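Heads up, the thing below is written out as structure tokens.
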Amino acid sequence: MNKASSLYEPGPEHHDSALRHVTGQSQFIDDLPEPAGLLHGAVYFSNWASGRILSYDFEKAFNLSGVISVVDFKSIRGENQMGPVVHDEPCLAEGILKFRGQAMYLVAAETREISRQALEHIQVKVEEKPGIFTIEEAIEANSFLGPARKICTGNPDEAFHECDHVIYGELNTGGQEHWYLETQSALCIPDEEGRMTVYASSQNPAETQAIVSEILGVSRHKVTVVVKRMGGAFGGKETQGNHIAAWAAVLAQNTGKPVKLRLTRDEDQKVTGKRHPFKSNWQAGFSNDGMLNALKVNLFSNGGAATDLSWAIMERAMFHIDNAYYIPNLEVNGRVCLTNLPSNTAFRGFGGPQGMAVIEQVMNRIALFTGLDPVEVRRRNFYNKTGAHNLTHYGQKVERNPLEEMASQLLDKGDYPIRLENVNLFNKTHSEVKRGIAMMPVKFGISFTTSFLNQAGALVNIYQDGSIVIHHGGTEMGQGLNTKIIAIAAMELGISANRIIVEPTNTMIVPNTSATAASSGSDLNGMAVKEASAKLRNRLSAIACRILGERSRMIVSPADLMFDDDYVRLEQRPEMQLAFNDLVKQAYLNQVSLSATGYYRTPGLWYDKEIGRGKPFHYYAFGIALSEVEVDLLSGEVRTLRADILHDVGNSLHKAIDIGQIQGAFIQGIGWCTTEELKYSKDGKLLNYSPDTYKIPTIDDIPVEFMINLFPTGANPGTIHGSKAVGEPPFMLALSVWLAIQYALQSIAPEKVFNFSLPATNEKIVKWVEELLAD
Amino acid sequence: MNQSQAIYFYWNQQLIVIDFSQPDSPRPSTTVLNWLRSQQHGKGTKEGCAEGDCGACTVVAAWPDEKGIMKYHAVNSCLIFLPWLHGKHLITIEGLADKGNLHPVQQAILDLNGTQCGFCTPGIIMSLFALYKKGTSNNREEAVLAMSGNLCRCTGYEPILNAAMSIGGFNTHDHLAETEAEIIGKLEELPEAPVIINHPEQLYIKPANLSEAINLKKEYPQAVVFSGGTDVALAQTKKFIIYPELIDLSGLKELTTFTEDISCWKIGAALPLEEIAKRHNGQIPMFDTFLKVFASKQIRETATLGGNIGTASPIGDTWPVLIALGASVVLSGSNGDRTIDIEDLISGYRKIAILPDEIILEIVIPKPAAEKKFKFLKLSKRRQMDISTVSVAISFTIDNKGTTQDSVLAFGGMSDLPKRATNAEQELNGHPLSESRIEKVCRVLQDDFRPISDARATTEGRMILAQNGLKKCLLHILTLKNKPTHE
């Protein structure tokens with residue numbers, strides 16, 4: 001049945017795994033060949049949000065046929081900790097329970113089925129305590145994680161006095177379940193001398209390695225983490241993939257057997273963290289012509305029961321509270337709430353979407369107040385002027401800002417004035433169904449805001465037949481990083497892409513790497529691979545100079561060489577050529593190393609949290625969207641009729657992959673804005689923990705007309721081949737759909753301020769309609 | 001009675017025999033997905049949710065229809081038990097490419113960049129493959145309906161939709177077509193399916209005819225009876241509960257009929273919903289509308305009316321429709337058949353009034369008079385592949401004086417049972433249909449129900465949605481008044 005090896009090879013214009021994906025050959029954790037003696041792990045998760053463990057009994061579970069081991073925290077030989085930033089997450093509960101879904105005990109059994117059945121036989125007595133679940137409850141109880149953060153520019157309190165108008169508002173944005181298709185999984189294989197190989201579904205293998213080694217009580221060099229690919233991640237496997245690996249490793253260490261742990265979909269949805277829900281209140285001062293002069297915002301996020309990445313996420317929300325607008329007087333305060341929910345975590349956009357939703361609400365409210373077209377209000381406030389008018393509230397300059405140009409092109413191509421008129425006309429003639437249209441810009445800062453994380457490594461090996469293997473620190477989660485990496489190395493060495501393969505990320509080969517996150521995977525790892533490839537090219541050049549020099553009887557220097565098309569040639573005399581294969585062979589015979597490492601760190605980044613000033617971003621990525629929706633006022637059903645997107649990726653490293661990121665991010669964003677709603681009971685129990693009640697978009701939820709274009713901003717200075725990151729920025733463009741829904745609803749009562757929030761579900765829409773229709 | 005314990009089917013053109021009497025043989029209720037994934041070349045099929053909500057496990061099963069023509073059905077392998085495969089040709093992602101050539105649907109997904117992380121891709125491709133084998137024009141709506149049971153979190157679907165629309169043109173040719181006749185011949189030669197599989201962990205009964213089914217149900221009163229299995233399988237796939245005794249009625253001849261006479265349609269209880277959609281040919285009021293939004297294509301390929309009635313879920317989409325249609329249900333037991341009005345069948349939360357030796361035989365839907373008006377509406381968070389927050393099905397006649405009579409306003413999701421809104425019905429009956437009447441009727445709905453708050457909606461939200469849904473249905477009929485219509 002293994003016919004596919006001879007299949008047609010797709011060209012470099014496609015994802016490097018595309019052929020294996022479409023033939024079902026791509027392996028995920030659960031598809032790996034199972035080692036002999038494999039055991040299946042299961043986790044007993046707390047069903048109590050807060051409390052104290054009084055007693056527990058494993059006997060019945062342990063006696064079940066097929067159960068090999070049941071352990072508690074006492075079986076952890078190292079440190080019982082798996083918090084990535086702050087050590088506030090025990091690997092297994094020690095007496096105190098802080099959230100539903102907290103890991104308490106581990107089971108290893110001969111089959112996955114038995115492992116789950118065993119959980120039913122573990123008996124636990126807990127003294128339950130009342131918990132804190134919502135942001136409101138946390139504020140009331142003064143329950144926070146870490147200090148309050150503030151970024152301030154100008155003096156909004158004074159400036160409000162000088163504004164023509166000052167308005168207030170409040171906004172709630174909901175959480176979001178990642179819903180990667182592959183649930184959290186890990187396979188741990190113990191080896192001699194206490195070594196452990198971990199096959200993980202993790203965006204951050206180096207951190208998985210660090211945490212597993214600390215928990216096992218061994219040095220990091222004894223733990224190898226391998227990540228071939230993930231079946232989707234979206235931030236959900238940036239830190240929380242570590243947990244699954246850690247639990248499996250504890251079982252593997254204790255049983256001495258390989259252990260696989262794969263969460264069921266329900267477990268995954270119940271116990272893992274999600275996008276942070278945010279609550280904000282704001283005060284905005286503006287002029288008659290809609291210029292926003294002063295803004296004060298308090299942001300609160302629901303961090304859950306541990307720190308995880310909550311501080312960095314709040315920070316990014318604060319950095320993006322301006323989105324694309326110059327606000328001379330701006331104060332933003334951020335506070336992370338400590339609650340009894342699973343610790344919320346990274347999710348595409350990382351606080352950016354939550355911050356931007358606030359300022360976009362402010363823009364809509366200014367438009368409502370002044371009667372100006374919301375599109376016009378936004379354009380007037382763009383950063384796109386001179387001097388201080390291009391300075392963000394944290395002091396970074398907004399450079400090479402193409403937004404005004406992008407806006408005019410988008411509005412022009414999207415026939416905005418005519419469509420706006422049609423929408424208004426439609427709304428006058430229809431009472432059951434309304435339409436809305438909205439434009440939304442995005443300016444998204446690229447880099448980890450924790451500056452030291454902006455580093456990457458790579459190893460490139462050339463074999464004597466001219467084939468190449470690349471190792472780098474990034475991870476492949478479907479985003480096409482490896483495809484871009486191949487393109488970068490192929491370009492550097494002037495060879496065809498099919499010579500190159502990228503091997504699974506492996507902590508033993510490229511150490512001390514950062515997470516593949518913050519959209520920076522290709523920015524960082526691409527540079528490292530380029531550097532390694534350039535080293536090899538330089539070494540090969542020396543050999544080529546000698547050989548081609550002898551042949552042409554000229555003095556040849558590296559600058560005379562041209563690496564292209566699997567050959568090295570003299571630029572002036574292209575008939576003087578050497579096949580790449582032959583060159584490699586000659587290098588080997590001349591005792592030249594064909595293996596090189598590469599390293600990159602983003603230069604010039606800094607940020608001082610205390611004063612709220614710095615240059616946290618290497619550059620900004622820009623995008624703009626125009627969306628039109630139809631809202632059924634009676635059923636609350638929303639259909640996106642059309643979405644036009646213009647996005648800035650600098651010089652695209654790979655057009656098909658970049659477009660794919662934009663499409664995927666936008667639809668994921670539509671989900672967050674419309675149907676994806678996390679519902680909790682009053683006592684904090686997640687009610688919709690499976691896909692029958694938690695609704696991500698289907699194929700029927702995409703825009704009927706979906707137009708995406710890359711905006712030619714030209715080469716982005718100081719990045720890999722002048723490109724820009726693309727993973728996260730387009731997610732936020734989907735806010736245009738949310739704003740268009742608001743436009744549609746607003747048409748019922750054009751003057752009335754209503755309690756709009758995110759997501760705009762069918763149920764909320766019919767309630768808002770009632771609110772707007774009420775006198 | 002067949003004493004063999006073995007099932008026979010083809011998998012990617014290879015004969016597979018699973019003999020449940022062998023030591024270490026899988027339990028009969030092993031899902032097709034779990035069985036595939038235990039095989040060396042079966043890991044291309046993925047588990048995304050184990051509840052039929054994501055489609056990552058989609059496989060295609062092919063068998064000849066009554067005319068002997070091979071039909072290809074995309075199904076969720078996570079919800080299907082092994083014995084269902086008997087006599088069928090199972091096609092999985094590993095069997096699509098042929099001697100160095102990708103199947104046209106694989107090529108389309110590859111060419112149009114319809115894959116990113118790749119986890120949903122095999123399922124997506126199998127759904128596309130079933131669509132391809134249907135030989136359709138593949139317009140947008142058709143493509144959307146065929147693909148709405150497959151979730152993808154990476155691509156945003158646009159390239160998948162483009163791929164689905166690019167493979168049409170009524171071309172169904174591929175390498176499987178070349179061996180189709182041969183496979184049909186081989187399937188026909190397979191031995192009969194076993195009736196009682198006596199596995200150490202489980203008794204799995206698959207009766208060969210109705211009387212056998214009734215006898216066996218009497219003999220094993222504790223056994224769980226099912227047909228499509230899309231509901232029963234969940235206990236196993238989600239809660240790891242293993243039923244000790246199962247009676248599988250799927251494919252039973254007497255239960256998969258569709259007949260029509262002057263006065264009614266009779267639908268076999270175990271006839272899959274997709275089959276009903278084909279056979280009723282747009283005739284039964286509201287059926288096309290509700291079938292389009294009932295779960296997903298994959299689920300509809302195996303789920304049945306009898307199953308949806310049997311589970312008696314307060315949010316089962318068929319109930320309000322059947323109530324509004326005035327349907328009745330024929331139950332068959334050892335003392336013969338009896339017919340019961342659909343409204344009298346339900347006896348409590350998720351309970352129906354059925355005797356231990358009875359099974360649901362068929363559903364009888366009376367043909368309505370031409371002046372009868374109908375409308376069905378499902379209100380859910382998401383358009384496709386969602387369970388109703390509220391569903392509403394209504395019917396009434398307008399007499400020659402223009403007065404509304406005999407109204408039935410049936411709701412799902414508003415009570416612990418699917419239920420009629422009797423107060424609202426009274427408010428509607430005896431008056432001409434008008435906008436102001438509609439307002440009154442919808443207001444009165446508050447006296448009929450006090451819905452619960454749950455994961456799908458709050459009490460308040462449900463009531464608004466129900467009132468609005470009813471209003472939409474009534475307004476729709478009002479607009480179409482005087483035009484002959486069924487919906």
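A note on labels: chains of the structure tokens are A, B, ... as shown, every chain counts residues from 1, and ligands are counted from 1 in their shown order.
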
Quiz item: Hey, what's within 7 Å of region 358-362 of chain A if we count only C-alpha atoms and toss same-chain stuff fewer than 3 positions away? As an MDAnalysis selection string, please?
Solution: chainID A and resid 171 321:323 354:355 365:366

Atoms to include: N, CA and C atoms. Write the selected residues as a short mmCIF file (atom, residue, chain, number, x, y, z; two decimals), in the first residue's frame.
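Listed below is the output, selection-v6.cif:
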```cif
data_model
loop_
_atom_site.label_atom_id
_atom_site.label_comp_id
_atom_site.auth_asym_id
_atom_site.auth_seq_id
_atom_site.Cartn_x
_atom_site.Cartn_y
_atom_site.Cartn_z
N LEU A 171 -16.20 47.75 27.34
CA LEU A 171 -16.24 46.69 26.32
C LEU A 171 -15.80 45.36 26.92
N ILE A 321 -3.22 49.26 21.94
CA ILE A 321 -4.44 50.00 22.26
C ILE A 321 -4.62 51.17 21.28
N ASP A 322 -3.52 51.58 20.65
CA ASP A 322 -3.59 52.67 19.66
C ASP A 322 -3.95 52.14 18.28
N ASN A 323 -3.84 50.84 18.07
CA ASN A 323 -3.91 50.23 16.74
C ASN A 323 -3.16 51.08 15.74
N GLN A 354 -7.52 41.96 21.52
CA GLN A 354 -8.31 42.49 22.61
C GLN A 354 -8.09 44.00 22.75
N GLY A 355 -6.83 44.44 22.59
CA GLY A 355 -6.54 45.86 22.65
C GLY A 355 -7.18 46.61 21.49
N ARG A 365 -17.73 54.83 18.17
CA ARG A 365 -18.53 55.73 19.03
C ARG A 365 -18.30 57.19 18.66
N ILE A 366 -17.08 57.52 18.25
CA ILE A 366 -16.82 58.90 17.80
C ILE A 366 -17.64 59.17 16.54
#
```

Quiz item: Skipping near chain neighbours, those fewer than 5 positions away, what residues fall within 6 Å of region 185-198 of chain B using only C-alpha atoms, listed as a list in words?
Solution: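 That gives Asn2, Ser4, Gln5, Ile7, Gly87, Leu203, Tyr204, Ile205, Lys206 and Pro207 of chain B.
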
List as a short mmCIF file (atom, residue, chain, number, x, y, z; two decimals) with C-alpha atoms, in the first residue's frame the protein and nucleic acid residues near region 520-525 of chain A, meaning an atom at most 9 Å away when only C-alpha atoms are counted, but skip any in the same chain fewer than 2 places from it.
```cif
data_model
loop_
_atom_site.label_atom_id
_atom_site.label_comp_id
_atom_site.auth_asym_id
_atom_site.auth_seq_id
_atom_site.Cartn_x
_atom_site.Cartn_y
_atom_site.Cartn_z
CA ILE A 446 6.57 42.24 15.24
CA SER A 447 9.00 40.77 17.81
CA PHE A 448 8.71 39.08 21.15
CA ASN A 454 14.36 37.32 19.83
CA GLN A 455 17.12 34.85 18.95
CA ALA A 456 17.34 31.71 16.84
CA GLY A 457 19.77 29.03 15.73
CA ALA A 458 20.20 26.67 12.81
CA HIS A 472 16.45 25.04 12.94
CA GLY A 473 14.83 26.08 16.17
CA GLY A 474 11.39 26.83 14.77
CA THR A 475 8.48 24.43 14.70
CA LEU A 481 7.73 27.78 8.13
CA ASN A 482 9.74 24.88 6.74
CA LYS A 484 9.97 29.26 3.69
CA ILE A 485 13.17 27.94 5.30
CA ALA A 515 9.01 29.43 20.92
CA THR A 516 7.72 29.60 17.39
CA ALA A 517 5.37 32.40 18.24
CA ALA A 518 4.83 36.13 17.92
CA MET A 527 17.90 34.64 9.35
CA ALA A 528 19.75 31.90 11.25
CA VAL A 529 19.40 29.50 8.33
CA LYS A 530 20.53 32.21 5.95
CA GLY A 598 23.79 29.90 12.05
CA TYR A 599 22.61 32.28 14.70
CA TYR A 600 20.52 35.41 14.71
CA ARG A 601 19.35 37.96 17.23
CA THR A 602 17.13 40.87 16.41
CA THR A 719 14.57 41.35 7.75
CA ILE A 720 14.96 38.11 5.89
CA SER A 723 9.82 40.13 4.17
CA LYS A 724 7.37 40.73 6.99
CA ALA A 725 5.76 38.35 9.44
CA VAL A 726 2.22 37.31 8.63
CA GLY A 727 0.95 34.75 11.17
#
```

Practice problem: Enumerate as a ChimeraX atom specification all residues of region 81-210 of chain B assigned to strand (DSSP E or B) by DSSP on the backbone, naming them with the chain letters and numbers the document uses. | Solution: /B:81,89-91,98,101,196-199,202-205

Could the residues in this selection be written to a file with C-alpha atoms, as a PDB file, in the first residue's frame?
```
ATOM      1  CA  PHE B  81     -19.030   0.003  14.491  1.00  0.00           C
ATOM      2  CA  HIS B  89     -16.046  -1.389   0.173  1.00  0.00           C
ATOM      3  CA  LEU B  90     -14.234   0.884   2.625  1.00  0.00           C
ATOM      4  CA  ILE B  91     -12.068   3.489   0.958  1.00  0.00           C
ATOM      5  CA  ASP B  98      -2.871   5.152  -7.876  1.00  0.00           C
ATOM      6  CA  ASN B 101      -0.747   9.456  -9.672  1.00  0.00           C
ATOM      7  CA  ILE B 196     -25.110 -12.995  16.838  1.00  0.00           C
ATOM      8  CA  ILE B 197     -21.517 -12.145  17.530  1.00  0.00           C
ATOM      9  CA  ASN B 198     -20.653 -13.597  20.878  1.00  0.00           C
ATOM     10  CA  HIS B 199     -17.489 -11.778  21.761  1.00  0.00           C
ATOM     11  CA  GLN B 202     -19.856  -7.998  24.168  1.00  0.00           C
ATOM     12  CA  LEU B 203     -22.873  -9.566  22.570  1.00  0.00           C
ATOM     13  CA  TYR B 204     -23.471  -7.910  19.229  1.00  0.00           C
ATOM     14  CA  ILE B 205     -26.712  -8.809  17.502  1.00  0.00           C
TER      15      ILE B 205
END
```

Exercise. Would you please give, as a list of chain:residue names, all residues of region 277-315 of chain A that DSSP assigns to alpha helix (DSSP H) based on the backbone?
Key: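 Secondary structure check on region 277-315 of chain A, alpha helix (DSSP H): A:Ser310, A:Trp311, A:Ala312, A:Ile313, A:Met314, A:Glu315.
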
Could you please take those selected residues and save N, CA and C atoms as a PDB file, in the first residue's frame?
```pdb
ATOM      1  N   SER A 310       0.404  35.510  30.764  1.00  0.00           N
ATOM      2  CA  SER A 310      -0.598  36.581  30.894  1.00  0.00           C
ATOM      3  C   SER A 310      -0.002  37.983  30.904  1.00  0.00           C
ATOM      4  N   TRP A 311       1.166  38.159  31.528  1.00  0.00           N
ATOM      5  CA  TRP A 311       1.741  39.503  31.588  1.00  0.00           C
ATOM      6  C   TRP A 311       2.124  39.989  30.194  1.00  0.00           C
ATOM      7  N   ALA A 312       2.772  39.113  29.446  1.00  0.00           N
ATOM      8  CA  ALA A 312       3.201  39.515  28.101  1.00  0.00           C
ATOM      9  C   ALA A 312       1.990  39.785  27.216  1.00  0.00           C
ATOM     10  N   ILE A 313       0.929  39.024  27.448  1.00  0.00           N
ATOM     11  CA  ILE A 313      -0.281  39.203  26.649  1.00  0.00           C
ATOM     12  C   ILE A 313      -0.941  40.541  26.988  1.00  0.00           C
ATOM     13  N   MET A 314      -0.963  40.856  28.271  1.00  0.00           N
ATOM     14  CA  MET A 314      -1.504  42.170  28.670  1.00  0.00           C
ATOM     15  C   MET A 314      -0.649  43.289  28.081  1.00  0.00           C
ATOM     16  N   GLU A 315       0.669  43.076  28.116  1.00  0.00           N
ATOM     17  CA  GLU A 315       1.579  44.080  27.580  1.00  0.00           C
ATOM     18  C   GLU A 315       1.298  44.335  26.098  1.00  0.00           C
TER      19      GLU A 315
END
```

Quiz item: Quick one: distance from CA of Val442 (chain A) to CA of His178 (chain A) in Å, one decimal?
Solution: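 Separation of CA of Val442 (chain A) and CA of His178 (chain A): 21.8 Å.
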
Self-check item: Residues within 9 Å of Lys471 (chain B), only C-alpha atoms, excluding chain neighbours under 5 positions, as a list of chain:residue names
Solution: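 In the requested format, the answer is A:Leu634, B:Ile438, B:Glu439, B:Val441, B:Cys442, B:Ala466, B:His476.
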
Quiz prompt | Near-Val259 (chain A) list (9 Å; only C-alpha atoms; drop same-chain fewer than 5 positions) as a VMD selection string | solution = chain A and resid 37 to 41 108 186 to 190 248 to 249 251 to 252

Exercise. Grab the CA of Ile267 (chain B) to CA of Leu210 (chain B) distance for me, in Å with one decimal place.
Key: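 Rounded to one decimal, the two atoms are 15.3 Å apart.
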
Quiz item: Near Tyr243 (chain B), counting only C-alpha atoms, which residues have an atom at most 9 Å away, once you skip same-chain residues fewer than 6 positions from it, shown as a VMD selection string?
Solution: chain B and resid 29 201 to 203 223 to 224 235 to 236
